[in-house]
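Q: Below is the file work-v1.txt, which contains compact mmCIF, C-alpha atoms.
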```txt
# COMPACT_ATOMS: atom_id res chain seq x y z
CA MET A 874 -0.34 -23.07 -10.15
CA GLU A 875 -2.65 -20.44 -8.66
CA ILE A 876 -4.32 -19.99 -12.06
CA LYS A 877 -4.88 -23.76 -12.30
CA ILE A 878 -6.68 -23.82 -8.93
CA VAL A 879 -8.90 -20.88 -9.94
CA LYS A 880 -9.77 -22.64 -13.20
CA ASP A 881 -10.70 -25.85 -11.36
CA ILE A 882 -12.95 -23.88 -9.00
CA LEU A 883 -14.68 -22.12 -11.89
CA ASP A 884 -15.11 -25.43 -13.80
CA ALA A 885 -16.69 -27.09 -10.75
CA ASN A 886 -18.92 -24.06 -10.30
CA GLU A 887 -20.01 -24.18 -13.93
CA GLN A 888 -21.11 -27.81 -13.58
CA LEU A 889 -23.20 -27.05 -10.49
CA ALA A 890 -24.63 -23.98 -12.21
CA GLN A 891 -25.81 -26.14 -15.11
CA ARG A 892 -27.52 -28.45 -12.61
CA ASN A 893 -29.28 -25.44 -11.03
CA ARG A 894 -30.33 -24.29 -14.48
CA LYS A 895 -31.87 -27.67 -15.28
CA LEU A 896 -33.77 -27.55 -12.00
CA PHE A 897 -35.12 -24.09 -12.86
CA ASP A 898 -36.12 -25.17 -16.36
CA SER A 899 -37.83 -28.34 -15.20
CA ASN A 900 -39.94 -26.15 -12.89
CA ASN A 901 -40.65 -23.48 -15.55
CA LEU A 902 -38.90 -21.04 -13.32
CA PHE A 903 -37.01 -17.93 -14.51
CA ALA A 904 -33.99 -16.98 -12.38
CA VAL A 905 -32.33 -13.57 -12.21
CA ASN A 906 -28.96 -12.87 -10.57
CA LEU A 907 -28.98 -9.30 -9.16
CA MET A 908 -25.54 -7.82 -8.64
CA SER A 909 -24.20 -4.43 -7.54
CA SER A 910 -21.85 -2.53 -5.23
CA PRO A 911 -22.88 -2.34 -1.57
CA GLY A 912 -25.83 0.02 -1.19
CA ALA A 913 -26.62 0.50 -4.90
CA GLY A 914 -30.21 -0.66 -4.37
CA LYS A 915 -30.59 -4.43 -4.87
CA THR A 916 -33.13 -4.88 -2.06
CA SER A 917 -35.01 -1.71 -3.05
CA LEU A 918 -35.22 -3.02 -6.62
CA ILE A 919 -36.61 -6.35 -5.39
CA LEU A 920 -39.27 -4.47 -3.40
CA GLN A 921 -40.20 -2.36 -6.45
CA THR A 922 -40.29 -5.48 -8.66
CA LEU A 923 -42.55 -7.32 -6.21
CA LYS A 924 -44.87 -4.29 -6.28
CA GLY A 925 -44.79 -4.03 -10.09
CA LEU A 926 -45.55 -7.73 -10.61
CA LYS A 927 -48.10 -8.18 -7.81
CA GLY A 928 -50.98 -10.34 -9.03
CA LYS A 929 -49.17 -11.09 -12.30
CA ILE A 930 -46.25 -13.36 -11.43
CA LYS A 931 -45.44 -15.47 -8.37
CA ILE A 932 -42.00 -14.57 -7.06
CA GLY A 933 -39.47 -16.10 -4.67
CA VAL A 934 -36.34 -14.38 -3.35
CA ILE A 935 -32.90 -15.57 -2.27
CA GLU A 936 -30.88 -13.10 -0.22
CA GLY A 937 -27.10 -13.40 -0.30
CA ASP A 938 -25.12 -11.59 2.40
CA VAL A 939 -21.74 -11.89 4.09
CA SER A 940 -23.62 -11.88 7.38
CA SER A 941 -26.93 -10.62 8.81
CA SER A 942 -30.46 -11.25 7.57
CA LEU A 943 -31.68 -7.64 7.49
CA ASP A 944 -32.71 -7.70 3.83
CA ALA A 945 -34.42 -11.09 4.07
CA GLU A 946 -36.52 -9.75 6.97
CA VAL A 947 -37.59 -6.75 4.88
CA ILE A 948 -38.54 -8.98 1.94
CA ALA A 949 -40.40 -11.51 4.13
CA LYS A 950 -42.79 -8.72 5.20
CA GLU A 951 -44.02 -8.64 1.59
CA GLY A 952 -45.39 -12.16 2.02
CA VAL A 953 -43.18 -13.87 -0.57
CA PRO A 954 -40.98 -16.91 0.10
CA VAL A 955 -37.45 -15.81 0.95
CA VAL A 956 -34.33 -17.83 1.79
CA GLN A 957 -31.18 -16.32 3.31
CA ILE A 958 -27.67 -17.39 2.29
CA ASN A 959 -24.87 -16.13 4.55
CA THR A 960 -21.50 -16.61 2.87
CA GLY A 961 -19.65 -16.37 6.20
CA GLY A 962 -17.06 -13.92 4.90
CA GLY A 963 -17.22 -14.98 1.25
CA CYS A 964 -17.42 -12.14 -1.28
CA HIS A 965 -19.85 -13.76 -3.77
CA LEU A 966 -22.51 -16.43 -4.11
CA ASP A 967 -21.52 -19.60 -5.95
CA ALA A 968 -23.60 -22.31 -7.61
CA ASN A 969 -23.10 -24.69 -4.69
CA MET A 970 -24.44 -22.21 -2.11
CA LEU A 971 -27.39 -21.55 -4.36
CA SER A 972 -28.02 -25.26 -4.87
CA THR A 973 -28.23 -25.79 -1.10
CA ALA A 974 -30.57 -22.81 -0.67
CA LEU A 975 -32.86 -24.08 -3.44
CA ASP A 976 -33.82 -27.01 -1.20
CA ASN A 977 -35.80 -24.49 0.82
CA VAL A 978 -37.42 -22.61 -2.07
CA PRO A 979 -40.93 -23.75 -3.14
CA LEU A 980 -39.85 -24.09 -6.79
CA LYS A 981 -43.20 -25.37 -8.04
CA ASP A 982 -45.11 -22.45 -6.53
CA ILE A 983 -43.15 -19.61 -8.13
CA GLN A 984 -42.42 -18.42 -11.68
CA LEU A 985 -39.63 -15.95 -10.99
CA LEU A 986 -36.67 -16.29 -8.62
CA LEU A 987 -34.80 -13.09 -7.75
CA ILE A 988 -31.34 -13.84 -6.36
CA GLU A 989 -29.68 -10.96 -4.54
CA ASN A 990 -25.94 -11.52 -4.73
CA VAL A 991 -23.38 -10.17 -2.22
CA GLY A 992 -22.62 -6.45 -2.66
CA ASN A 993 -19.45 -6.58 -4.78
CA LEU A 994 -18.65 -5.54 -8.37
CA ILE A 995 -15.84 -8.04 -8.87
CA CYS A 996 -16.13 -11.76 -7.99
CA PRO A 997 -19.91 -12.24 -8.50
CA ALA A 998 -19.27 -11.64 -12.22
CA GLU A 999 -17.05 -14.74 -12.35
CA PHE A 1000 -19.37 -17.18 -10.59
CA THR A 1001 -22.40 -18.09 -12.65
CA LEU A 1002 -25.27 -19.56 -10.62
CA GLY A 1003 -27.40 -21.11 -13.35
CA GLU A 1004 -29.44 -17.92 -13.73
CA HIS A 1005 -31.24 -16.99 -16.97
CA ARG A 1006 -30.26 -13.33 -16.76
CA LYS A 1007 -27.57 -11.32 -15.01
CA VAL A 1008 -28.76 -7.87 -13.92
CA LEU A 1009 -26.37 -5.20 -12.68
CA ILE A 1010 -27.53 -2.21 -10.66
CA SER A 1011 -25.12 0.72 -10.90
CA SER A 1012 -26.08 3.83 -8.96
CA ILE A 1013 -25.50 7.48 -9.84
CA PRO A 1014 -23.47 8.35 -6.68
CA GLU A 1015 -20.87 5.68 -7.56
CA GLY A 1016 -19.79 7.77 -10.54
CA ASP A 1017 -19.80 7.29 -14.29
CA ASP A 1018 -16.31 5.73 -14.44
CA LYS A 1019 -17.37 2.36 -13.03
CA PRO A 1020 -17.48 0.43 -16.36
CA PHE A 1021 -13.77 1.17 -16.89
CA LYS A 1022 -12.91 -0.01 -13.40
CA TYR A 1023 -15.05 -3.16 -13.17
CA PRO A 1024 -15.22 -4.18 -16.84
CA LEU A 1025 -16.09 -7.87 -16.43
CA MET A 1026 -19.28 -7.10 -14.51
CA PHE A 1027 -20.47 -4.59 -17.13
CA HIS A 1028 -19.42 -6.93 -19.92
CA LYS A 1029 -21.44 -9.86 -18.59
CA ALA A 1030 -24.67 -8.08 -17.60
CA ASP A 1031 -27.82 -8.68 -19.68
CA ALA A 1032 -29.29 -5.49 -18.23
CA VAL A 1033 -27.79 -2.52 -16.40
CA LEU A 1034 -30.14 -0.50 -14.21
CA ILE A 1035 -28.88 3.02 -13.51
CA ASN A 1036 -30.41 3.59 -10.08
CA LYS A 1037 -30.89 6.74 -7.97
CA ILE A 1038 -31.54 9.00 -10.95
CA ASP A 1039 -33.47 11.23 -8.52
CA LEU A 1040 -30.00 12.34 -7.32
CA LEU A 1041 -28.87 13.49 -10.79
CA PRO A 1042 -29.41 17.20 -10.01
CA TYR A 1043 -26.93 17.01 -7.13
CA LEU A 1044 -24.14 14.97 -8.75
CA ASN A 1045 -21.78 15.15 -11.66
CA PHE A 1046 -22.82 12.06 -13.67
CA ASP A 1047 -22.95 11.89 -17.47
CA THR A 1048 -25.70 9.33 -18.17
CA GLN A 1049 -25.18 9.39 -21.95
CA ALA A 1050 -21.43 8.84 -21.74
CA PHE A 1051 -21.98 6.11 -19.13
CA SER A 1052 -24.47 4.29 -21.40
CA ARG A 1053 -22.25 4.63 -24.46
CA THR A 1054 -19.31 3.13 -22.56
CA ILE A 1055 -21.37 0.12 -21.47
CA GLU A 1056 -22.78 -0.40 -24.97
CA GLY A 1057 -19.23 -0.34 -26.33
CA MET A 1058 -18.26 -3.18 -23.98
CA ASN A 1059 -21.43 -5.22 -24.28
CA GLN A 1060 -23.45 -5.54 -27.49
CA LYS A 1061 -26.44 -7.32 -25.91
CA VAL A 1062 -27.01 -5.06 -22.90
CA GLU A 1063 -30.28 -3.26 -22.12
CA ILE A 1064 -29.99 -0.10 -20.03
CA PHE A 1065 -32.73 1.28 -17.78
CA PRO A 1066 -32.41 4.55 -15.83
CA ILE A 1067 -34.51 4.07 -12.68
CA SER A 1068 -35.17 5.42 -9.22
CA CYS A 1069 -36.24 2.92 -6.57
CA ALA A 1070 -36.99 5.94 -4.36
CA THR A 1071 -39.54 7.55 -6.72
CA GLY A 1072 -40.51 4.53 -8.87
CA GLN A 1073 -39.33 6.23 -12.08
CA GLY A 1074 -38.37 3.74 -14.80
CA ILE A 1075 -39.63 0.69 -12.87
CA GLU A 1076 -42.45 0.07 -15.35
CA GLU A 1077 -39.96 -0.25 -18.23
CA TRP A 1078 -37.75 -2.60 -16.19
CA VAL A 1079 -40.67 -4.81 -15.17
CA SER A 1080 -41.97 -4.88 -18.74
CA TRP A 1081 -38.54 -5.97 -20.03
CA LEU A 1082 -38.36 -8.67 -17.34
CA LEU A 1083 -41.77 -10.05 -18.36
CA THR A 1084 -40.71 -10.13 -22.00
CA GLN A 1085 -37.54 -12.04 -21.09
CA MET A 1086 -39.70 -14.54 -19.19
CA GLY A 1087 -41.89 -15.01 -22.26
CA HIS A 1088 -44.80 -13.14 -20.66
CA PRO A 1089 -44.98 -9.86 -22.61
CA ILE A 1090 -47.60 -7.44 -21.24
CA MET B 595 -9.59 -28.38 3.45
CA GLU B 596 -10.74 -25.11 1.97
CA ILE B 597 -10.38 -23.44 5.36
CA LYS B 598 -6.82 -24.77 5.65
CA ILE B 599 -5.88 -23.25 2.28
CA VAL B 600 -7.35 -19.89 3.25
CA LYS B 601 -5.41 -19.95 6.52
CA ASP B 602 -2.13 -20.71 4.69
CA ILE B 603 -2.75 -17.82 2.29
CA LEU B 604 -3.45 -15.41 5.14
CA ASP B 605 -0.37 -16.60 7.09
CA ALA B 606 1.86 -16.09 4.04
CA ASN B 607 0.28 -12.67 3.52
CA GLU B 608 0.93 -11.71 7.16
CA GLN B 609 4.64 -12.53 6.86
CA LEU B 610 4.99 -10.38 3.75
CA ALA B 611 2.99 -7.61 5.42
CA GLN B 612 5.45 -7.59 8.33
CA ARG B 613 8.30 -7.25 5.84
CA ASN B 614 6.55 -4.28 4.22
CA ARG B 615 6.04 -2.75 7.66
CA LYS B 616 9.74 -3.03 8.48
CA LEU B 617 10.56 -1.37 5.17
CA PHE B 618 8.19 1.50 5.99
CA ASP B 619 9.62 1.89 9.50
CA SER B 620 13.24 1.83 8.36
CA ASN B 621 12.34 4.71 6.00
CA ASN B 622 10.35 6.67 8.64
CA LEU B 623 7.36 6.31 6.39
CA PHE B 624 3.74 6.17 7.56
CA ALA B 625 1.45 3.97 5.43
CA VAL B 626 -2.35 4.19 5.25
CA ASN B 627 -4.59 1.57 3.61
CA LEU B 628 -7.69 3.30 2.16
CA MET B 629 -10.66 0.99 1.65
CA SER B 630 -14.29 1.45 0.52
CA SER B 631 -17.07 0.30 -1.79
CA PRO B 632 -16.71 1.26 -5.46
CA GLY B 633 -17.32 4.98 -5.87
CA ALA B 634 -17.37 5.94 -2.19
CA GLY B 635 -14.61 8.50 -2.71
CA LYS B 636 -11.14 7.03 -2.18
CA THR B 637 -9.49 8.98 -5.00
CA SER B 638 -11.34 12.17 -4.07
CA LEU B 639 -10.12 11.76 -0.49
CA ILE B 640 -6.54 11.34 -1.70
CA LEU B 641 -6.86 14.57 -3.73
CA GLN B 642 -8.28 16.43 -0.69
CA THR B 643 -5.53 15.01 1.53
CA LEU B 644 -2.80 16.07 -0.92
CA LYS B 645 -4.31 19.58 -0.88
CA GLY B 646 -4.60 19.66 2.92
CA LEU B 647 -1.00 18.53 3.47
CA LYS B 648 0.65 20.52 0.68
CA GLY B 649 3.93 22.01 1.88
CA LYS B 650 3.71 20.09 5.18
CA ILE B 651 4.25 16.41 4.36
CA LYS B 652 5.75 14.65 1.34
CA ILE B 653 3.29 12.08 0.03
CA GLY B 654 3.40 9.10 -2.33
CA VAL B 655 0.38 7.19 -3.64
CA ILE B 656 -0.25 3.58 -4.68
CA GLU B 657 -3.38 3.01 -6.75
CA GLY B 658 -4.98 -0.45 -6.63
CA ASP B 659 -7.49 -1.33 -9.34
CA VAL B 660 -8.87 -4.45 -11.01
CA SER B 661 -7.93 -2.84 -14.29
CA SER B 662 -7.41 0.66 -15.77
CA SER B 663 -5.15 3.43 -14.55
CA LEU B 664 -7.71 6.27 -14.50
CA ASP B 665 -7.19 7.18 -10.85
CA ALA B 666 -3.39 7.02 -11.09
CA GLU B 667 -3.51 9.46 -14.00
CA VAL B 668 -5.64 11.89 -11.96
CA ILE B 669 -3.25 11.66 -9.00
CA ALA B 670 -0.12 12.02 -11.18
CA LYS B 671 -1.36 15.46 -12.29
CA GLU B 672 -0.87 16.63 -8.70
CA GLY B 673 2.89 16.11 -9.09
CA VAL B 674 3.28 13.38 -6.48
CA PRO B 675 4.88 9.96 -7.08
CA VAL B 676 2.20 7.39 -7.93
CA VAL B 677 2.44 3.68 -8.73
CA GLN B 678 -0.40 1.65 -10.25
CA ILE B 679 -1.18 -1.93 -9.18
CA ASN B 680 -3.62 -3.80 -11.43
CA THR B 681 -4.88 -6.94 -9.72
CA GLY B 682 -5.98 -8.48 -13.06
CA GLY B 683 -9.38 -9.52 -11.75
CA GLY B 684 -8.42 -9.87 -8.09
CA CYS B 685 -10.80 -8.26 -5.58
CA HIS B 686 -8.22 -6.92 -3.11
CA LEU B 687 -4.60 -5.89 -2.75
CA ASP B 688 -2.32 -8.26 -0.88
CA ALA B 689 1.05 -7.77 0.80
CA ASN B 690 2.91 -9.40 -2.09
CA MET B 691 1.41 -7.06 -4.71
CA LEU B 692 2.27 -4.11 -2.47
CA SER B 693 5.82 -5.37 -1.93
CA THR B 694 6.39 -5.49 -5.70
CA ALA B 695 4.94 -2.01 -6.18
CA LEU B 696 7.14 -0.59 -3.41
CA ASP B 697 10.20 -1.21 -5.61
CA ASN B 698 8.95 1.73 -7.69
CA VAL B 699 8.10 4.11 -4.84
CA PRO B 700 10.80 6.62 -3.77
CA LEU B 701 10.54 5.56 -0.10
CA LYS B 702 13.28 7.86 1.14
CA ASP B 703 11.69 10.94 -0.41
CA ILE B 704 8.23 10.64 1.15
CA GLN B 705 6.83 10.63 4.70
CA LEU B 706 3.30 9.38 4.00
CA LEU B 707 2.18 6.61 1.64
CA LEU B 708 -1.53 6.53 0.76
CA ILE B 709 -2.55 3.11 -0.60
CA GLU B 710 -5.87 3.05 -2.43
CA ASN B 711 -7.22 -0.49 -2.21
CA VAL B 712 -9.63 -2.10 -4.72
CA GLY B 713 -13.25 -0.95 -4.30
CA ASN B 714 -14.70 -3.76 -2.17
CA LEU B 715 -16.02 -3.91 1.42
CA ILE B 716 -15.20 -7.59 1.95
CA CYS B 717 -11.82 -9.14 1.11
CA PRO B 718 -9.55 -6.09 1.60
CA ALA B 719 -10.42 -6.30 5.32
CA GLU B 720 -8.78 -9.75 5.51
CA PHE B 721 -5.51 -8.91 3.76
CA THR B 722 -3.24 -6.69 5.80
CA LEU B 723 -0.55 -4.91 3.76
CA GLY B 724 1.84 -3.79 6.49
CA GLU B 725 0.04 -0.45 6.83
CA HIS B 726 0.09 1.62 10.04
CA ARG B 727 -3.59 2.55 9.80
CA LYS B 728 -6.65 1.15 8.04
CA VAL B 729 -9.07 3.86 6.90
CA LEU B 730 -12.57 3.06 5.66
CA ILE B 731 -14.61 5.49 3.58
CA SER B 732 -18.35 4.81 3.82
CA SER B 733 -20.57 7.16 1.84
CA ILE B 734 -24.06 8.43 2.68
CA PRO B 735 -25.79 7.04 -0.47
CA GLU B 736 -24.72 3.48 0.46
CA GLY B 737 -27.10 3.59 3.43
CA ASP B 738 -26.69 3.42 7.19
CA ASP B 739 -27.03 -0.40 7.39
CA LYS B 740 -23.57 -1.13 5.99
CA PRO B 741 -21.85 -1.93 9.34
CA PHE B 742 -24.30 -4.80 9.87
CA LYS B 743 -23.66 -6.18 6.40
CA TYR B 744 -19.88 -5.83 6.19
CA PRO B 745 -18.93 -6.13 9.87
CA LEU B 746 -15.28 -7.20 9.50
CA MET B 747 -14.39 -4.05 7.55
CA PHE B 748 -16.01 -1.76 10.14
CA HIS B 749 -14.49 -3.77 12.99
CA LYS B 750 -10.93 -3.46 11.66
CA ALA B 751 -10.90 0.22 10.62
CA ASP B 752 -8.86 2.70 12.67
CA ALA B 753 -10.92 5.52 11.19
CA VAL B 754 -14.24 5.65 9.33
CA LEU B 755 -14.84 8.66 7.10
CA ILE B 756 -18.53 9.26 6.37
CA ASN B 757 -18.26 10.83 2.93
CA LYS B 758 -20.77 12.76 0.77
CA ILE B 759 -22.45 14.48 3.73
CA ASP B 760 -23.44 17.22 1.26
CA LEU B 761 -26.10 14.71 0.06
CA LEU B 762 -27.68 14.33 3.54
CA PRO B 763 -30.66 16.60 2.70
CA TYR B 764 -31.69 14.27 -0.15
CA LEU B 765 -31.28 10.87 1.51
CA ASN B 766 -32.57 8.95 4.46
CA PHE B 767 -29.41 8.38 6.49
CA ASP B 768 -29.19 8.45 10.30
CA THR B 769 -25.63 9.61 10.99
CA GLN B 770 -25.95 9.24 14.77
CA ALA B 771 -27.30 5.68 14.59
CA PHE B 772 -24.62 4.80 12.01
CA SER B 773 -21.85 6.14 14.27
CA ARG B 774 -23.24 4.40 17.37
CA THR B 775 -23.36 1.07 15.51
CA ILE B 776 -19.72 1.39 14.43
CA GLU B 777 -18.59 2.41 17.92
CA GLY B 778 -20.38 -0.64 19.31
CA MET B 779 -18.36 -2.91 16.99
CA ASN B 780 -15.04 -1.12 17.28
CA GLN B 781 -13.78 0.53 20.48
CA LYS B 782 -10.77 2.25 18.91
CA VAL B 783 -12.44 3.80 15.86
CA GLU B 784 -12.41 7.52 15.04
CA ILE B 785 -15.30 8.78 12.92
CA PHE B 786 -15.17 11.83 10.64
CA PRO B 787 -18.15 13.11 8.64
CA ILE B 788 -16.69 14.67 5.50
CA SER B 789 -17.52 15.85 2.01
CA CYS B 790 -14.81 15.55 -0.62
CA ALA B 791 -17.08 17.66 -2.87
CA THR B 792 -17.25 20.69 -0.54
CA GLY B 793 -14.16 20.08 1.63
CA GLN B 794 -16.22 19.93 4.82
CA GLY B 795 -14.53 17.89 7.58
CA ILE B 796 -11.26 17.49 5.68
CA GLU B 797 -9.35 19.69 8.15
CA GLU B 798 -10.32 17.40 11.05
CA TRP B 799 -9.32 14.29 9.06
CA VAL B 800 -5.95 15.75 8.04
CA SER B 801 -5.29 16.90 11.59
CA TRP B 802 -6.01 13.37 12.91
CA LEU B 803 -3.74 11.89 10.27
CA LEU B 804 -0.87 14.20 11.26
CA THR B 805 -1.35 13.28 14.92
CA GLN B 806 -1.21 9.58 14.04
CA MET B 807 2.04 10.22 12.17
CA GLY B 808 3.49 11.95 15.22
CA HIS B 809 3.30 15.36 13.57
CA PRO B 810 0.52 17.15 15.50
CA ILE B 811 -0.30 20.60 14.11
```
Mind turning this structure into structure tokens?

A:
Amino acid sequence: MEIKIVKDILDANEQLAQRNRKLFDSNNLFAVNLMSSPGAGKTSLILQTLKGLKGKIKIGVIEGDVSSSLDAEVIAKEGVPVVQINTGGGCHLDANMLSTALDNVPLKDIQLLLIENVGNLICPAEFTLGEHRKVLISSIPEGDDKPFKYPLMFHKADAVLINKIDLLPYLNFDTQAFSRTIEGMNQKVEIFPISCATGQGIEEWVSWLLTQMGHPI
Amino acid sequence: MEIKIVKDILDANEQLAQRNRKLFDSNNLFAVNLMSSPGAGKTSLILQTLKGLKGKIKIGVIEGDVSSSLDAEVIAKEGVPVVQINTGGGCHLDANMLSTALDNVPLKDIQLLLIENVGNLICPAEFTLGEHRKVLISSIPEGDDKPFKYPLMFHKADAVLINKIDLLPYLNFDTQAFSRTIEGMNQKVEIFPISCATGQGIEEWVSWLLTQMGHPI
């Protein structure tokens, strides 16, 4: 009975996600769903991506949070269109929330939409939004055992960014073993070690993103 | 309609939680619900707590995970009774899952039950398990804005442990501002800066825990 309800919810979500996807495609807009644990660096990555693509690609941002608009305020200072979604206690964005937020995004004026999901490694993996790519940020301090513990998220990601590599000297994290584990679970994944604090690896990430959009540098 | 369903689920959970609580009390057992983001240090804290209370208090552990039994295997090496709950995709423990797991815990042989919840700052705050205390581990690398973003969790915690303080020299984290924010949201909260890597602050945490159990040192 419980499983039936969950399936109905996911089916309804899938239909709305396909509608969002059509809206993106009809506007030649590439959408990326950014997911991570709380504090792994989603907003910092958006800031670095805005910097890396300045003058090249027009970007809009959707900020998903349980409550507060702290991140949206930070992003708005960069002069890009940003829309806040507060889930009001909900632990993930869904296609319906996104659909409503899209009414306030200037779809015709942007080429790339960065969607910051709620900080959570579990439910966001189950709710597709209509995005073209799912990007997971996993940070060094969280530990290299995370793929075993949150397998669906690592399985579904098109790219995994290993953030905070500037902290590697101070932590026990085996980057090679971590990458091998993810590659074992996910044949299509691209992995980028980065530091949003120092900018290391951002060029490779931005270059990959442009290629995915059909705009290779 | 959706709100009604959520309320029914939480009401049913509350009744089962009260049953768990009675079971704890009839066995003179103190139960602690440990919650945090993925990788903030729940298992490391359990290991430090086992060490700090060795020879003083008999402890049992319940390990909650989406999948895998990595943490339970680590804990079992310490020679304490440990029971694994896999939520099978679920993003939090609930009172019913705990009730089932309790059938396998030697309740009469232990005085303290440490329950490691699923790594998630959102839903575990809504599902009470029958525990005597809710303990939140928030780690320095997650950033000092977390109370604003996950307010319910910080509001409900009886204690907040600020873990990974050994990384303070390498990160921009304002411990005083962080503590003031939490105290503003939660009048009863106790805050302990700790490092499970170096052992710093563990004595104060263990001492508080013993006092809560009615066993002051």

Q: For a cut-off of 7 Å around (-29.5, -3.9, 8.2), file coordinates, pick out all residues using only C-alpha atoms and list them as a ChimeraX atom specification.

A: /A:943-944 /B:739-740,742-743

Q: Excluding Pro763 in chain B and any residue of its chain fewer than 6 positions from it, enumerate the residues within 12 Å of it, using only C-alpha atoms, and give them as a ChimeraX atom specification.

A: /A:1040,1043 /B:734-735,769

Q: Quick check: residues of chain A within 7 Å of chain B, all atoms listed in the file, returned as a list of chain:residue names.

A: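 Putting it all together, I get A:Ser910, A:Pro911, A:Gly912, A:Ala913, A:Asp938, A:Val939, A:Ser940, A:Ser941, A:Cys964, A:Asn993, A:Ile995, A:Cys996, A:Pro1014, A:Glu1015, A:Gly1016, A:Phe1021, A:Lys1022, A:Tyr1023.
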
Q: Figure out the distance between CA of Gly1072 in chain A and CA of Gln921 in chain A, please, to one decimal in Å.

A: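 Rounded to one decimal, the two atoms are 7.3 Å apart.
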
Q: Given 3 Å on each side, where is the centre and what are the edge lengths in Å to one decimal of the axis-aligned box enclosing the listed atoms of range 889-896 of chain A, as AutoDock Vina command-line options?

A:
```
--center_x -28.5 --center_y -26.2 --center_z -12.9 --size_x 16.6 --size_y 10.5 --size_z 10.8
```

Q: Using all atoms listed in the file, which residues sit within 9 Å of range 643-648 of chain B once same-chain residues fewer than 3 positions away are excluded, as a compact mmCIF listing (two decimals) with C-alpha atoms, in the frame of the given file?

A:
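That gives us part_26.txt:
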```txt
# COMPACT_ATOMS: atom_id res chain seq x y z
CA SER B 638 -11.34 12.17 -4.07
CA LEU B 639 -10.12 11.76 -0.49
CA ILE B 640 -6.54 11.34 -1.70
CA ILE B 651 4.25 16.41 4.36
CA LYS B 652 5.75 14.65 1.34
CA ILE B 653 3.29 12.08 0.03
CA GLU B 672 -0.87 16.63 -8.70
CA VAL B 674 3.28 13.38 -6.48
CA ILE B 796 -11.26 17.49 5.68
CA GLU B 797 -9.35 19.69 8.15
CA TRP B 799 -9.32 14.29 9.06
CA VAL B 800 -5.95 15.75 8.04
CA LEU B 804 -0.87 14.20 11.26
```

Q: Neighbouring residues of Ala751 in chain B were defined as those with any atom within 10 Å, considering only C-alpha atoms; residues of the same chain fewer than 3 positions away were excluded. Please report them as a ChimeraX atom specification.

A: /B:627-629,719,727-731,746-748,754-755,776,780,782-785

Q: Would you work out the distance separating CA of Asn959 in chain A from CA of Ile599 in chain B, expressed in Å to one decimal?

A: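 So the answer is 20.4 Å.
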
Q: Distance CA of Glu887 in chain A-CA of Asp967 in chain A, one decimal place?

A: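 If I compute the distance from CA of Glu887 in chain A to CA of Asp967 in chain A, I get 9.3 Å.
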
Q: Closest to Phe1046 in chain A among A:Ser1011, A:Phe1000, A:Thr1084, A:Val947, using all atoms listed in the file?

A: A:Ser1011

Q: Using only C-alpha atoms, which of the listed residues (B:Asp697, B:Glu710, B:Glu725, B:Asp605) sits closest to Ala625 in chain B?

A: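 Counting only C-alpha atoms, the residue closest to Ala625 in chain B is B:Glu725.
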
Q: So that I can see what lies close to Asn969 in chain A, please list as an MDAnalysis selection string the residues with an atom at most 12 Å from it, counting only C-alpha atoms and leaving out residues fewer than 6 positions away in the same chain.

A: chainID A and resid 882:883 885:893 958 960 975:976 1000:1003

Q: Since we have the selection now, will you write its residues out, keeping C-alpha atoms, as a short mmCIF file (atom, residue, chain, number, x, y, z; two decimals), in the coordinates of the input?

A:
```cif
data_model
loop_
_atom_site.label_atom_id
_atom_site.label_comp_id
_atom_site.auth_asym_id
_atom_site.auth_seq_id
_atom_site.Cartn_x
_atom_site.Cartn_y
_atom_site.Cartn_z
CA ILE A 882 -12.95 -23.88 -9.00
CA LEU A 883 -14.68 -22.12 -11.89
CA ALA A 885 -16.69 -27.09 -10.75
CA ASN A 886 -18.92 -24.06 -10.30
CA GLU A 887 -20.01 -24.18 -13.93
CA GLN A 888 -21.11 -27.81 -13.58
CA LEU A 889 -23.20 -27.05 -10.49
CA ALA A 890 -24.63 -23.98 -12.21
CA GLN A 891 -25.81 -26.14 -15.11
CA ARG A 892 -27.52 -28.45 -12.61
CA ASN A 893 -29.28 -25.44 -11.03
CA ILE A 958 -27.67 -17.39 2.29
CA THR A 960 -21.50 -16.61 2.87
CA LEU A 975 -32.86 -24.08 -3.44
CA ASP A 976 -33.82 -27.01 -1.20
CA PHE A 1000 -19.37 -17.18 -10.59
CA THR A 1001 -22.40 -18.09 -12.65
CA LEU A 1002 -25.27 -19.56 -10.62
CA GLY A 1003 -27.40 -21.11 -13.35
#
```

Q: Quick one: everything within 6 Å of Val955 in chain A, counting only C-alpha atoms, minus sequence neighbours fewer than 4 positions away in the same chain. Send it as a compact mmCIF listing (two decimals) with C-alpha atoms, keeping the file's coordinate frame.

A:
```txt
# COMPACT_ATOMS: atom_id res chain seq x y z
CA GLY A 933 -39.47 -16.10 -4.67
CA VAL A 934 -36.34 -14.38 -3.35
CA ILE A 935 -32.90 -15.57 -2.27
```

Q: Using all atoms listed in the file, pick whichever of B:Met779, B:Met691, B:Lys650, B:Asp768 has the shortest atom-to-atom distance to Ser801 in chain B.

A: B:Lys650
